[in-house]
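S.K.: start_17.txt (compact mmCIF, C-alpha atoms and all ligand atoms) pasted underneath:
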```
# COMPACT_ATOMS: atom_id res chain seq x y z
CA MET O 1 6.39 6.95 -15.06
CA ILE O 2 7.07 7.87 -11.49
CA ALA O 3 4.22 9.61 -9.60
CA THR O 4 3.33 10.87 -6.13
CA LEU O 5 0.56 9.42 -4.00
CA ALA O 6 -1.54 12.59 -4.39
CA GLU O 7 -1.23 12.32 -8.18
CA VAL O 8 -2.75 8.82 -8.28
CA LEU O 9 -5.32 9.19 -5.49
CA GLY O 10 -6.96 12.37 -6.88
CA PRO O 11 -8.22 10.69 -10.06
CA ALA O 12 -9.19 7.54 -8.09
CA LEU O 13 -11.38 9.59 -5.76
CA ARG O 14 -12.90 11.56 -8.63
CA ASP O 15 -13.63 8.57 -10.84
CA GLY O 16 -14.64 5.99 -8.21
CA TYR O 17 -11.90 3.40 -7.96
CA ALA O 18 -9.06 2.53 -5.57
CA VAL O 19 -5.33 2.09 -6.23
CA PRO O 20 -3.60 -0.98 -4.75
CA GLY O 21 -0.67 -0.33 -2.40
CA LEU O 22 1.25 -3.57 -2.97
CA VAL O 23 3.70 -4.79 -0.33
CA CYS O 24 7.08 -5.68 -1.88
CA LEU O 25 9.71 -8.00 -0.43
CA GLY O 26 12.15 -8.02 -3.34
CA TRP O 27 12.82 -7.50 -7.01
CA GLU O 28 10.74 -10.34 -8.43
CA ASP O 29 7.45 -9.38 -6.75
CA ALA O 30 7.94 -5.64 -7.40
CA ARG O 31 8.66 -6.28 -11.09
CA ALA O 32 5.65 -8.62 -11.40
CA TYR O 33 3.42 -5.90 -9.88
CA VAL O 34 4.64 -3.35 -12.43
CA ARG O 35 4.01 -5.82 -15.25
CA ALA O 36 0.52 -6.46 -13.86
CA ALA O 37 -0.20 -2.70 -13.68
CA GLU O 38 0.98 -2.24 -17.27
CA ALA O 39 -1.16 -5.15 -18.47
CA GLU O 40 -4.19 -3.69 -16.66
CA ARG O 41 -3.42 -0.05 -17.66
CA ALA O 42 -3.67 0.83 -13.97
CA PRO O 43 -1.76 3.09 -11.56
CA LEU O 44 0.29 1.28 -8.90
CA ILE O 45 1.74 2.02 -5.46
CA LEU O 46 4.89 -0.01 -4.68
CA GLN O 47 5.45 -0.18 -0.91
CA ALA O 48 8.46 -0.98 1.26
CA GLY O 49 7.43 -1.69 4.86
CA PRO O 50 9.44 -2.38 8.01
CA GLY O 51 10.09 -6.06 7.21
CA ALA O 52 11.34 -5.21 3.72
CA ARG O 53 13.60 -2.46 5.12
CA ALA O 54 15.06 -4.78 7.74
CA HIS O 55 15.96 -7.14 4.88
CA MET O 56 17.40 -4.60 2.43
CA PRO O 57 18.55 -0.97 2.94
CA VAL O 58 16.00 1.76 2.24
CA ALA O 59 18.37 3.37 -0.30
CA VAL O 60 18.27 0.16 -2.36
CA TRP O 61 14.46 0.06 -2.18
CA GLY O 62 14.27 3.66 -3.31
CA ALA O 63 16.62 3.11 -6.26
CA MET O 64 14.79 -0.06 -7.26
CA PHE O 65 11.30 1.47 -7.10
CA ARG O 66 12.48 4.49 -9.09
CA ALA O 67 14.11 2.35 -11.76
CA LEU O 68 10.92 0.31 -12.11
CA GLY O 69 8.66 3.37 -12.03
CA GLU O 70 10.66 5.45 -14.48
CA ALA O 71 10.64 2.61 -17.02
CA ALA O 72 6.92 1.85 -16.58
CA SER O 73 4.21 2.98 -19.01
CA VAL O 74 1.76 3.61 -16.12
CA PRO O 75 2.07 5.86 -13.01
CA VAL O 76 4.05 4.14 -10.23
CA VAL O 77 4.33 5.57 -6.69
CA ALA O 78 7.45 4.71 -4.64
CA HIS O 79 5.91 4.59 -1.16
CA LEU O 80 7.44 4.13 2.29
CA ASP O 81 5.02 2.01 4.35
CA HIS O 82 4.92 2.45 8.16
CA GLY O 83 7.74 4.94 8.67
CA LEU O 84 7.96 5.50 12.42
CA THR O 85 10.24 8.53 12.82
CA VAL O 86 11.17 11.76 11.09
CA GLY O 87 14.52 10.06 10.38
CA ASP O 88 12.72 7.24 8.51
CA ALA O 89 10.92 9.84 6.38
CA ARG O 90 14.12 11.81 5.66
CA ALA O 91 15.96 8.62 4.65
CA ALA O 92 13.13 7.65 2.29
CA ILE O 93 13.02 11.11 0.70
CA ALA O 94 16.81 11.01 0.21
CA ALA O 95 16.44 7.54 -1.36
CA GLY O 96 14.01 8.79 -4.02
CA PHE O 97 10.66 7.69 -2.59
CA THR O 98 7.78 9.87 -3.82
CA SER O 99 5.47 9.22 -0.87
CA VAL O 100 6.05 8.56 2.82
CA MET O 101 3.71 7.08 5.35
CA ILE O 102 4.34 8.18 8.91
CA ASP O 103 2.62 5.85 11.37
CA GLY O 104 2.06 7.69 14.63
CA SER O 105 -1.02 5.61 15.43
CA ALA O 106 0.54 4.18 18.62
CA LEU O 107 1.06 7.72 19.99
CA PRO O 108 -1.42 9.90 21.88
CA LEU O 109 -3.44 12.09 19.48
CA GLU O 110 -1.50 15.34 20.05
CA GLN O 111 1.85 13.62 19.46
CA ASN O 112 0.55 11.80 16.38
CA ILE O 113 -0.66 15.13 14.93
CA HIS O 114 2.65 16.82 15.74
CA LEU O 115 4.81 14.07 14.19
CA THR O 116 2.59 13.65 11.12
CA ALA O 117 2.39 17.41 10.45
CA GLU O 118 6.18 17.61 10.57
CA VAL O 119 6.60 14.75 8.08
CA ALA O 120 3.82 16.09 5.80
CA ALA O 121 5.58 19.48 5.71
CA LEU O 122 8.91 17.78 4.87
CA ALA O 123 7.32 15.72 2.10
CA HIS O 124 5.40 18.66 0.63
CA ALA O 125 8.51 20.86 0.64
CA ALA O 126 10.15 18.19 -1.53
CA GLY O 127 7.10 17.97 -3.84
CA LEU O 128 6.14 14.56 -2.42
CA SER O 129 3.14 13.05 -0.61
CA CYS O 130 2.44 11.91 2.93
CA GLU O 131 0.04 9.32 4.40
CA GLY O 132 -0.83 9.36 8.12
CA GLU O 133 -2.68 6.89 10.32
CA LEU O 134 -5.24 7.40 13.03
CA GLY O 135 -6.75 4.54 15.03
CA VAL O 136 -4.91 1.27 15.53
CA VAL O 137 -5.08 -1.41 12.82
CA GLY O 138 -4.32 -4.66 14.62
CA TYR O 139 -2.75 -7.92 13.45
CA ALA O 140 -4.35 -11.35 12.99
CA GLY O 141 -3.37 -13.28 16.11
CA GLY O 142 -1.59 -10.21 17.53
CA LYS O 143 -2.19 -6.60 18.56
CA ALA O 144 -5.90 -5.65 18.83
CA SER O 145 -7.47 -2.79 16.84
CA THR O 146 -8.89 0.50 18.09
CA GLY O 147 -11.39 2.07 15.70
CA THR O 148 -10.77 5.57 14.26
CA ASP O 149 -12.79 8.29 16.01
CA PRO O 150 -14.48 10.47 13.33
CA ASP O 151 -14.08 13.77 15.23
CA GLU O 152 -10.40 13.05 15.81
CA ALA O 153 -10.06 12.16 12.12
CA ALA O 154 -11.49 15.55 11.10
CA ARG O 155 -9.02 17.35 13.34
CA PHE O 156 -6.10 15.11 12.29
CA ALA O 157 -6.73 15.71 8.58
CA ARG O 158 -7.09 19.47 9.07
CA GLU O 159 -4.05 19.96 11.28
CA THR O 160 -1.57 17.60 9.59
CA GLY O 161 -2.28 18.34 5.90
CA VAL O 162 -1.83 14.67 4.94
CA ASP O 163 -2.62 13.57 1.39
CA ALA O 164 -4.20 10.31 2.61
CA LEU O 165 -5.42 8.98 5.93
CA ALA O 166 -5.19 5.32 6.99
CA VAL O 167 -8.14 4.40 9.20
CA SER O 168 -9.15 1.54 11.47
CA VAL O 169 -12.68 0.50 10.52
CA GLY O 170 -12.69 -3.26 11.09
CA ASN O 171 -9.55 -3.97 9.04
CA VAL O 172 -6.78 -6.21 10.42
CA HIS O 173 -3.29 -6.88 8.99
CA LEU O 174 -2.08 -10.33 7.87
CA GLN O 175 -5.42 -12.12 7.42
CA GLN O 176 -5.02 -15.16 5.20
CA ASP O 177 -8.75 -15.38 4.40
CA ALA O 178 -11.43 -12.78 3.86
CA GLY O 179 -12.64 -11.58 7.26
CA GLN O 180 -15.93 -10.13 8.49
CA GLY O 181 -15.71 -7.09 6.26
CA LEU O 182 -15.40 -3.42 7.18
CA ASP O 183 -17.67 -1.27 9.34
CA LEU O 184 -19.56 0.72 6.72
CA ALA O 185 -21.36 2.91 9.28
CA LEU O 186 -18.02 4.04 10.76
CA ILE O 187 -16.62 4.74 7.27
CA ARG O 188 -19.66 6.94 6.53
CA ARG O 189 -19.24 8.84 9.82
CA ILE O 190 -15.58 9.54 8.97
CA GLU O 191 -16.50 10.58 5.43
CA ALA O 192 -19.10 12.99 6.76
CA VAL O 193 -16.47 15.09 8.56
CA THR O 194 -13.32 14.85 6.37
CA ASP O 195 -12.57 15.09 2.67
CA VAL O 196 -9.13 13.44 2.65
CA PRO O 197 -8.73 10.18 0.64
CA LEU O 198 -8.93 7.17 2.99
CA VAL O 199 -6.60 4.18 3.07
CA ILE O 200 -7.34 0.64 4.25
CA HIS O 201 -4.39 -1.35 5.57
CA GLY O 202 -4.89 -5.11 5.81
CA GLY O 203 -6.61 -5.23 2.41
CA SER O 204 -6.09 -9.00 2.14
CA GLY O 205 -8.76 -9.55 4.80
CA VAL O 206 -11.38 -7.40 3.04
CA PRO O 207 -13.82 -9.51 0.97
CA VAL O 208 -13.32 -8.79 -2.74
CA ASP O 209 -16.93 -7.71 -3.34
CA GLN O 210 -16.67 -5.20 -0.49
CA ARG O 211 -13.40 -3.85 -1.93
CA ALA O 212 -15.19 -3.25 -5.23
CA MET O 213 -18.19 -1.63 -3.57
CA LEU O 214 -16.08 0.69 -1.40
CA ALA O 215 -13.69 1.56 -4.24
CA ALA O 216 -16.64 2.73 -6.34
CA GLY O 217 -18.84 4.21 -3.62
CA SER O 218 -16.71 5.62 -0.80
CA ARG O 219 -13.69 7.88 -0.29
CA ILE O 220 -11.46 4.84 0.20
CA ALA O 221 -8.92 5.40 -2.58
CA LYS O 222 -6.13 2.97 -1.57
CA PHE O 223 -6.18 -0.61 -0.28
CA ASN O 224 -2.88 -2.04 0.97
CA VAL O 225 -2.53 -5.67 -0.07
CA GLY O 226 0.32 -7.84 1.14
CA THR O 227 -0.56 -11.27 2.52
CA GLU O 228 -2.78 -12.32 -0.39
CA LEU O 229 0.02 -11.79 -2.92
CA ARG O 230 2.79 -13.08 -0.67
CA MET O 231 0.78 -16.32 -0.43
CA ALA O 232 0.60 -16.45 -4.24
CA PHE O 233 4.37 -15.88 -4.45
CA GLY O 234 5.10 -18.50 -1.78
CA ALA O 235 2.94 -21.12 -3.49
CA ALA O 236 4.56 -20.40 -6.88
CA LEU O 237 8.05 -20.59 -5.40
CA ARG O 238 7.36 -23.92 -3.68
CA GLU O 239 6.12 -25.37 -6.94
CA ALA O 240 9.07 -23.95 -8.89
CA VAL O 241 11.59 -25.45 -6.46
CA ALA O 242 9.86 -28.85 -6.50
CA ARG O 243 9.48 -28.92 -10.30
CA ASP O 244 13.14 -29.79 -10.97
CA PRO O 245 15.28 -31.08 -8.07
CA ALA O 246 18.45 -30.61 -10.16
CA ARG O 247 17.89 -26.90 -10.64
CA PHE O 248 19.93 -24.63 -8.36
CA ASP O 249 20.13 -21.33 -10.24
CA ARG O 250 17.89 -18.94 -8.33
CA ILE O 251 17.17 -16.75 -11.34
CA ALA O 252 15.82 -19.74 -13.23
CA ILE O 253 13.72 -20.85 -10.24
CA LEU O 254 12.37 -17.37 -9.50
CA ARG O 255 11.47 -16.81 -13.16
CA ASP O 256 8.72 -19.40 -12.69
CA THR O 257 7.03 -17.23 -10.05
CA GLU O 258 6.55 -14.32 -12.40
CA GLU O 259 3.47 -15.42 -14.28
CA PRO O 260 1.39 -16.65 -11.31
CA VAL O 261 2.27 -13.55 -9.22
CA THR O 262 1.46 -11.24 -12.14
CA GLU O 263 -1.90 -12.97 -12.63
CA ALA O 264 -2.75 -12.73 -8.91
CA ALA O 265 -1.84 -9.02 -8.93
CA ARG O 266 -3.92 -8.37 -12.05
CA ALA O 267 -6.95 -9.74 -10.19
CA VAL O 268 -6.26 -7.29 -7.34
CA PHE O 269 -6.31 -4.31 -9.76
CA ARG O 270 -9.53 -5.51 -11.39
CA GLY O 271 -11.14 -6.09 -7.99
CA MET O 272 -10.91 -2.40 -7.07
CA GLY O 273 -11.85 -0.94 -10.44
CA ALA O 274 -8.30 0.29 -11.18
CA SER O 275 -8.00 -1.31 -14.63
CA ASN O 276 -8.09 0.79 -17.83
CA ARG O 277 -7.71 4.08 -15.96
CA VAL O 278 -4.43 5.30 -17.47
P1 LIG T 301 -2.14 -7.42 4.45
O1 LIG T 301 -0.84 -8.14 4.41
O2 LIG T 301 -3.02 -7.88 5.55
O3 LIG T 301 -2.83 -7.39 3.11
O4 LIG T 301 -1.82 -5.89 4.84
C1 LIG T 301 -0.94 -5.12 4.07
C2 LIG T 301 -0.73 -3.79 4.70
O5 LIG T 301 -1.62 -3.19 5.26
C3 LIG T 301 0.60 -3.18 4.60
O6 LIG T 301 0.65 -1.92 5.23
```
Can you give me the file's structure in the form of structure tokens?
Ligand code: 13P

M.R.:
Amino acid sequence: MIATLAEVLGPALRDGYAVPGLVCLGWEDARAYVRAAEAERAPLILQAGPGARAHMPVAVWGAMFRALGEAASVPVVAHLDHGLTVGDARAAIAAGFTSVMIDGSALPLEQNIHLTAEVAALAHAAGLSCEGELGVVGYAGGKASTGTDPDEAARFARETGVDALAVSVGNVHLQQDAGQGLDLALIRRIEAVTDVPLVIHGGSGVPVDQRAMLAAGSRIAKFNVGTELRMAFGAALREAVARDPARFDRIAILRDTEEPVTEAARAVFRGMGASNRV
């Protein structure tokens, strides 16, 4: 069934688990993630980010996520990841997404609040959810991070009305191995002054035991995971191509990625306590 972000994060916060926001690049990974969620009896957030949208039109992503979600036996959120403009949000809403992230984290605080409040109002008027971001989450080998300021977070949450807030607390995008772990003291300071569900981008770099601990014992209700599962897909695809040099039918080749990607995704659900929740 199709769901909004608010509908899946409320129970996660109440019952002490986190919902994976899984980065999708195409049909095969998205379908494997839905199969993994159904096998785990877990809610799922399917995400289309900027790379995915450069590859395939947002209207196609929206239709695909909705088709998968409507046929699923568990709640599935169709989520726009890293929308940058009001136009991105409008296009996603028109395409059937049930949740839009507006990333104003590169803007000065006032402008970020203004942009995010506008998108949150648009989403709420359509019965949908909105995620904002405050603080800069950097990239492995690229842009550096700036930690989220707790007082700014309190104001941002109050003035924008977002359903979820992505924070920068030691997380970095695109890490291929578990990193140092998150700054627990900063998470606690943010939690002390806001009551919005928190989101961690760059979930691949967060050690699995810390994911489990934070899912159960903090207001982090969503971890975005991309790299870890894209690596599983890439490895499975390489093996599938090499297995039979005579094979050229892409459907037959890609079919071999389904089981390993589903298994890797099932481990992600279990690692944040999301299994057997629906
Ligand atoms: P990783 O690829 O580092 O897991 O990050 C995913 C993400 O945050 C997408 O917004």

S.K.: Against ligand LIG 301 (chain T), which residues of chain O fall within 6 Å? For each one I want the closest pair of atoms and the distance in Å (one decimal), counting all atoms listed in the file, rows by chain and increasing residue number, as a Markdown table.

M.R.:
```
| residue | atom | partner | partner_atom | distance |
| --- | --- | --- | --- | --- |
| O:Asp81 | CA | T:LIG301 | O6 | 5.9 |
| O:His173 | CA | T:LIG301 | O2 | 3.6 |
| O:Leu174 | CA | T:LIG301 | O2 | 3.5 |
| O:Gln175 | CA | T:LIG301 | O2 | 5.2 |
| O:His201 | CA | T:LIG301 | O5 | 3.3 |
| O:Gly202 | CA | T:LIG301 | O4 | 3.3 |
| O:Gly203 | CA | T:LIG301 | O3 | 4.4 |
| O:Ser204 | CA | T:LIG301 | O3 | 3.8 |
| O:Asn224 | CA | T:LIG301 | O5 | 4.6 |
| O:Val225 | CA | T:LIG301 | O3 | 3.6 |
| O:Gly226 | CA | T:LIG301 | O1 | 3.5 |
| O:Thr227 | CA | T:LIG301 | O1 | 3.7 |
```

S.K.: Taking (-14.2, 6.8, -7.0) in the file's coordinates, which residues come within 7 Å, counting only C-alpha atoms, written as number ranges by chain?

M.R.: O: 12-18, 215-219

S.K.: Could you state the separation of CA of Glu131 in chain O and CA of Asp177 in chain O in Å, given to one decimal place?

M.R.: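 Atom-to-atom, CA of Glu131 in chain O and CA of Asp177 in chain O are spaced 26.2 Å apart.
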
S.K.: With all atoms listed in the file as the atoms that count, which of O:Glu40, O:Glu259, O:Asp163, O:Asp88 lies nearest to Gly273 in chain O?

M.R.: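 Among O:Glu40, O:Glu259, O:Asp163, O:Asp88, it is O:Glu40 that comes nearest to Gly273 in chain O.
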
S.K.: One decimal, Å: what's the distance from CA of Ile2 in chain O over to CA of Val77 in chain O, could you say?

M.R.: 6.0 Å

S.K.: Find the residues around Leu68 in chain O up to 9 Å (all atoms listed in the file counted), leave out those fewer than 2 positions away in its own chain, and share them as a PyMOL selection string.

M.R.: chain O and resi 1-2+30-31+34+63-66+70-72+76

S.K.: Near Leu184 in chain O, within 10 Å and counting only C-alpha atoms, which residues show up once chain neighbours fewer than 2 positions away are dropped, as a list in words?

M.R.: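 Skipping anything fewer than 2 positions along the chain leaves Val169, Gly170, Gly181, Leu182, Leu186, Ile187, Arg188, Arg189, Ile190, Gln210, Leu214 and Ser218 of chain O.
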
S.K.: Excluding Met101 in chain O and its own-chain neighbours fewer than 3 positions away, which residues fall within 6 Å of it when counting all atoms listed in the file? Please give them as a list in words.

M.R.: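 Within the cut-off, the hits are Leu80, Asp81, His82, Gly83, Cys130, Glu131 and Gly132 of chain O.
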
S.K.: Write out the residues from the selection above, keeping C-alpha atoms, as a PDB file, keeping the file's coordinate frame.

M.R.:
```pdb
ATOM      1  CA  LEU O  80       7.440   4.130   2.290  1.00  0.00           C
ATOM      2  CA  ASP O  81       5.020   2.010   4.350  1.00  0.00           C
ATOM      3  CA  HIS O  82       4.920   2.450   8.160  1.00  0.00           C
ATOM      4  CA  GLY O  83       7.740   4.940   8.670  1.00  0.00           C
ATOM      5  CA  CYS O 130       2.440  11.910   2.930  1.00  0.00           C
ATOM      6  CA  GLU O 131       0.040   9.320   4.400  1.00  0.00           C
ATOM      7  CA  GLY O 132      -0.830   9.360   8.120  1.00  0.00           C
TER       8      GLY O 132
END
```

S.K.: Please provide the set of residues having any atom within 12 Å of Arg155 in chain O, restricted to only C-alpha atoms, with same-chain residues fewer than 4 positions apart removed, written as a PyMOL selection string.

M.R.: chain O and resi 109-110+112-114+117+134+148-151+159-162+165+190+193-196

S.K.: Excluding Ala123 in chain O and any residue of its chain fewer than 2 positions from it, enumerate the residues within 9 Å of it, using only C-alpha atoms, and give them as a list in words.

M.R.: Ala89, Arg90, Ile93, Thr98, Ser99, Val100, Glu118, Val119, Ala120, Ala121, Ala125, Ala126, Gly127, Leu128, Ser129 and Cys130 of chain O

S.K.: Please measure the separation of CA of Gly87 in chain O and CA of Val58 in chain O, giving the value in Å to one decimal.

M.R.: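 Between CA of Gly87 in chain O and CA of Val58 in chain O the gap is 11.7 Å.
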
S.K.: Under the rule that only C-alpha atoms are counted, which of O:Leu44, O:Leu122, O:Ala54, O:Leu107 is the nearest residue to Val86 in chain O?

M.R.: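 The shortest atom-to-atom distance to Val86 in chain O comes from O:Leu122.
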
S.K.: Counting all atoms listed in the file, which residue out of O:Ala95, O:Ala106, O:Ala157, O:Met231 sits closest to Ala144 in chain O?

M.R.: O:Ala106

S.K.: Mind running range 16-35 of chain O against range 261-269 of chain O at 8 Å and telling me each contacting residue's nearest atom pair with the distance in Å (one decimal), counting only C-alpha atoms, chain and number ascending, as CSV?

M.R.:
```
residue,atom,partner,partner_atom,distance
O:Val19,CA,O:Phe269,CA,7.4
O:Pro20,CA,O:Phe269,CA,6.6
O:Asp29,CA,O:Val261,CA,7.1
O:Ala32,CA,O:Thr262,CA,5.0
O:Tyr33,CA,O:Thr262,CA,6.1
O:Arg35,CA,O:Thr262,CA,6.7
```

S.K.: Model the absent atoms of range 195-228 of chain O so that N, CA and C atoms are present, and write the result as a compact mmCIF listing (two decimals), in the coordinates of the input.

M.R.:
```
# COMPACT_ATOMS: atom_id res chain seq x y z
N ASP O 195 -12.53 15.35 4.12
CA ASP O 195 -12.57 15.09 2.67
C ASP O 195 -11.25 14.53 2.14
N VAL O 196 -10.41 14.03 3.05
CA VAL O 196 -9.13 13.44 2.65
C VAL O 196 -9.38 12.01 2.09
N PRO O 197 -8.60 11.57 1.09
CA PRO O 197 -8.73 10.18 0.64
C PRO O 197 -8.39 9.21 1.79
N LEU O 198 -9.14 8.13 1.89
CA LEU O 198 -8.93 7.17 2.99
C LEU O 198 -8.18 5.95 2.49
N VAL O 199 -7.42 5.35 3.40
CA VAL O 199 -6.60 4.18 3.07
C VAL O 199 -6.97 3.04 4.01
N ILE O 200 -7.08 1.84 3.45
CA ILE O 200 -7.34 0.64 4.25
C ILE O 200 -6.10 -0.24 4.24
N HIS O 201 -5.46 -0.36 5.40
CA HIS O 201 -4.39 -1.35 5.57
C HIS O 201 -5.05 -2.70 5.83
N GLY O 202 -4.30 -3.78 5.59
CA GLY O 202 -4.89 -5.11 5.81
C GLY O 202 -5.92 -5.44 4.74
N GLY O 203 -5.65 -5.02 3.50
CA GLY O 203 -6.61 -5.23 2.41
C GLY O 203 -6.88 -6.70 2.12
N SER O 204 -5.90 -7.57 2.42
CA SER O 204 -6.09 -9.00 2.14
C SER O 204 -7.32 -9.56 2.84
N GLY O 205 -7.63 -9.02 4.02
CA GLY O 205 -8.76 -9.55 4.80
C GLY O 205 -10.10 -8.95 4.40
N VAL O 206 -10.12 -8.03 3.44
CA VAL O 206 -11.38 -7.40 3.04
C VAL O 206 -11.98 -8.20 1.89
N PRO O 207 -13.22 -8.71 2.04
CA PRO O 207 -13.82 -9.51 0.97
C PRO O 207 -13.80 -8.74 -0.36
N VAL O 208 -13.54 -9.45 -1.45
CA VAL O 208 -13.32 -8.79 -2.74
C VAL O 208 -14.55 -7.99 -3.18
N ASP O 209 -15.76 -8.49 -2.91
CA ASP O 209 -16.93 -7.71 -3.34
C ASP O 209 -17.05 -6.42 -2.54
N GLN O 210 -16.62 -6.44 -1.26
CA GLN O 210 -16.67 -5.20 -0.49
C GLN O 210 -15.58 -4.22 -0.97
N ARG O 211 -14.43 -4.73 -1.35
CA ARG O 211 -13.40 -3.85 -1.93
C ARG O 211 -13.98 -3.10 -3.12
N ALA O 212 -14.65 -3.85 -4.00
CA ALA O 212 -15.19 -3.25 -5.23
C ALA O 212 -16.25 -2.20 -4.89
N MET O 213 -17.11 -2.54 -3.95
CA MET O 213 -18.19 -1.63 -3.57
C MET O 213 -17.62 -0.35 -2.96
N LEU O 214 -16.65 -0.49 -2.07
CA LEU O 214 -16.08 0.69 -1.40
C LEU O 214 -15.22 1.52 -2.37
N ALA O 215 -14.51 0.84 -3.27
CA ALA O 215 -13.69 1.56 -4.24
C ALA O 215 -14.58 2.47 -5.10
N ALA O 216 -15.75 1.96 -5.46
CA ALA O 216 -16.64 2.73 -6.34
C ALA O 216 -17.48 3.74 -5.55
N GLY O 217 -17.81 3.42 -4.31
CA GLY O 217 -18.84 4.21 -3.62
C GLY O 217 -18.43 4.75 -2.26
N SER O 218 -17.13 4.99 -2.06
CA SER O 218 -16.71 5.62 -0.80
C SER O 218 -15.44 6.42 -1.09
N ARG O 219 -14.94 7.13 -0.08
CA ARG O 219 -13.69 7.88 -0.29
C ARG O 219 -12.46 7.04 -0.01
N ILE O 220 -12.63 5.73 0.12
CA ILE O 220 -11.46 4.84 0.20
C ILE O 220 -10.82 4.80 -1.20
N ALA O 221 -9.58 5.27 -1.27
CA ALA O 221 -8.92 5.40 -2.58
C ALA O 221 -7.67 4.52 -2.68
N LYS O 222 -7.33 3.82 -1.57
CA LYS O 222 -6.13 2.97 -1.57
C LYS O 222 -6.39 1.80 -0.63
N PHE O 223 -6.18 0.59 -1.13
CA PHE O 223 -6.18 -0.61 -0.28
C PHE O 223 -4.77 -1.17 -0.28
N ASN O 224 -4.17 -1.36 0.89
CA ASN O 224 -2.88 -2.04 0.97
C ASN O 224 -3.12 -3.54 0.91
N VAL O 225 -2.39 -4.22 0.04
CA VAL O 225 -2.53 -5.67 -0.07
C VAL O 225 -1.14 -6.29 0.01
N GLY O 226 -0.95 -7.17 0.97
CA GLY O 226 0.32 -7.84 1.14
C GLY O 226 0.15 -9.35 1.18
N THR O 227 -0.49 -9.83 2.25
CA THR O 227 -0.56 -11.27 2.52
C THR O 227 -1.08 -12.08 1.33
N GLU O 228 -2.15 -11.59 0.73
CA GLU O 228 -2.78 -12.32 -0.39
C GLU O 228 -1.75 -12.60 -1.51
```
